[in-house]
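The structure under discussion appears below in the form of structure tokens.
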Amino acid sequence: MAKSGLLKSSIAKKVAMALSGLFLMLFLAQHFFINMTSVFSESVFNSISHFMGNNPLVQFVIQPILIVGVIFHFIMGFVLNIQNNNARPISYASYNGAANASWASRNMIISGSVILAFLGLHFYDFWVPEMAYKYVEFGPLNETRYFHELAEKFESPVRTALYCISFVLLSLHLQHGFSSSFQSIGANNKFSKGLQGFGLGFAIIIPLGFVFVALFHHFNH
């Protein structure tokens, strides 16, 4: 009975982890779309950013849910990693993981930790100044400030390089995470192959798109 309860608990955690990951992927796609507009139109990027930054639904409902989702996803990741390590038999130490699993699948906790650190930097760079500008300094509404604030962040080659490396790791994290998410929620049907293809494309195109945006502003600012 104890083993059965532990199994059910483990499955529930994996499903929760999968659903939170899929939720964060939706946010990532939306964030990518907004950032990509900065490459083609300064005014469009400013307009969308101003709307997102001053819409009460986004600021006081969606944004808190997103922050909770990020925290929950990474906490569950660490919990499941510890749980999996504790469940391994001693003989598993001789297991050759490289021969049976990809680097991404064997190092999700490493890539996840780096991504978490990057998110902390990202919040420090963009979210904290935005909150300070609006709710501490009570700065005036300025629909044209967003593009220049974004471009200035990529002046530094070190910051730009860290940004790009983080998204390469995110790509590896997503490639394994997307596949694992659908396995966890039991998605195994005629659409599975198509979903796997979509997940692979998403895991490559979206992170590389963010890298492109960073390099574009670095070399054109």
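Each chain in the structure tokens gets a letter, A, B and so on, in the order shown; residues start at 1 in every chain, and ligands are counted from 1 in the order they appear.
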
Within 10 Å of stretch 22-40 of chain A, which residues of stretch 125-199 of chain A show up? Give each one with its shortest atom-to-atom distance in Å (one decimal) and the two atoms involved, counting only C-alpha atoms, rows by chain then rising residue number, as a Markdown table.
| residue | atom | partner | partner_atom | distance |
| --- | --- | --- | --- | --- |
| A:Tyr146 | CA | A:Ser38 | CA | 9.5 |
| A:Phe147 | CA | A:Ser38 | CA | 6.8 |
| A:His148 | CA | A:Ser38 | CA | 9.9 |
| A:Leu150 | CA | A:Ser38 | CA | 8.7 |
| A:Ala151 | CA | A:Ser38 | CA | 8.9 |
| A:Leu174 | CA | A:Met25 | CA | 8.7 |
| A:Gly177 | CA | A:Leu22 | CA | 9.0 |
| A:Phe178 | CA | A:Leu22 | CA | 7.6 |
| A:Ser181 | CA | A:Leu22 | CA | 7.4 |
| A:Phe182 | CA | A:Leu22 | CA | 9.2 |

Please save N, CA, C and O atoms of the selected residues as a tab-separated table (two decimals), in the first residue's frame.
chain	number	residue	atom	x	y	z
A	146	TYR	N	10.24	51.71	-24.17
A	146	TYR	CA	10.48	50.28	-24.06
A	146	TYR	C	11.56	49.78	-25.03
A	146	TYR	O	12.40	48.97	-24.65
A	147	PHE	N	11.52	50.24	-26.26
A	147	PHE	CA	12.48	49.76	-27.25
A	147	PHE	C	13.91	50.11	-26.83
A	147	PHE	O	14.81	49.26	-26.91
A	148	HIS	N	14.12	51.34	-26.41
A	148	HIS	CA	15.47	51.77	-26.03
A	148	HIS	C	15.95	51.04	-24.78
A	148	HIS	O	17.13	50.71	-24.66
A	150	LEU	N	15.14	48.00	-23.96
A	150	LEU	CA	15.51	46.65	-24.41
A	150	LEU	C	16.87	46.66	-25.10
A	150	LEU	O	17.75	45.84	-24.79
A	151	ALA	N	17.05	47.58	-26.04
A	151	ALA	CA	18.28	47.62	-26.82
A	151	ALA	C	19.49	47.88	-25.92
A	151	ALA	O	20.57	47.31	-26.14
A	174	LEU	N	13.99	22.17	-23.23
A	174	LEU	CA	12.66	22.04	-23.84
A	174	LEU	C	12.53	20.78	-24.68
A	174	LEU	O	11.47	20.16	-24.71
A	177	GLY	N	11.99	18.15	-22.17
A	177	GLY	CA	10.83	18.46	-21.34
A	177	GLY	C	9.52	18.31	-22.06
A	177	GLY	O	8.54	17.81	-21.50
A	178	PHE	N	9.47	18.73	-23.32
A	178	PHE	CA	8.22	18.63	-24.07
A	178	PHE	C	7.82	17.17	-24.25
A	178	PHE	O	6.67	16.79	-24.05
A	181	SER	N	6.68	15.74	-20.96
A	181	SER	CA	5.39	16.28	-20.54
A	181	SER	C	4.23	15.49	-21.12
A	181	SER	O	3.28	15.14	-20.41
A	182	PHE	N	4.31	15.18	-22.40
A	182	PHE	CA	3.21	14.44	-23.03
A	182	PHE	C	3.18	12.98	-22.58
A	182	PHE	O	2.11	12.38	-22.49

Distance query stretch 130-139 of chain A at most 10 Å, only C-alpha atoms, self and fewer than 6 positions along chain excluded, as an mmCIF file with C-alpha atoms, in the first residue's frame:
data_model
loop_
_atom_site.group_PDB
_atom_site.id
_atom_site.type_symbol
_atom_site.label_atom_id
_atom_site.label_comp_id
_atom_site.auth_asym_id
_atom_site.auth_seq_id
_atom_site.Cartn_x
_atom_site.Cartn_y
_atom_site.Cartn_z
ATOM 1 C CA GLY A 53 2.811 46.869 -18.928
ATOM 2 C CA ASN A 54 -0.303 48.875 -18.125
ATOM 3 C CA PHE A 123 13.722 39.778 -13.724
ATOM 4 C CA TYR A 124 16.480 42.010 -12.339
ATOM 5 C CA TYR A 146 10.481 50.282 -24.061
#

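Put simply, atom CA of A:Leu162 is 23.7 Å away from atom CA of A:Gly69.
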
Notebook entry, point to check: What separation in Å, quoted to one decimal, exists between atom CA of A:Ile205 and atom CA of A:Leu170?
Noted result: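 If I compute the distance from atom CA of A:Ile205 to atom CA of A:Leu170, I get 11.3 Å.
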
Notebook entry, point to check: Any idea what's packed within 12 Å of A:Phe51, counting only C-alpha atoms, ignoring anything in its chain fewer than 3 positions away? Could you give it as a PyMOL selection string?
Noted result: chain A and resi 34+44-48+54-59+141-144+146

Check: Using only C-alpha atoms, which of A:Ile206, A:Ala214, A:Met17, A:Val68 sits nearest A:Leu80?
Finding: A:Met17
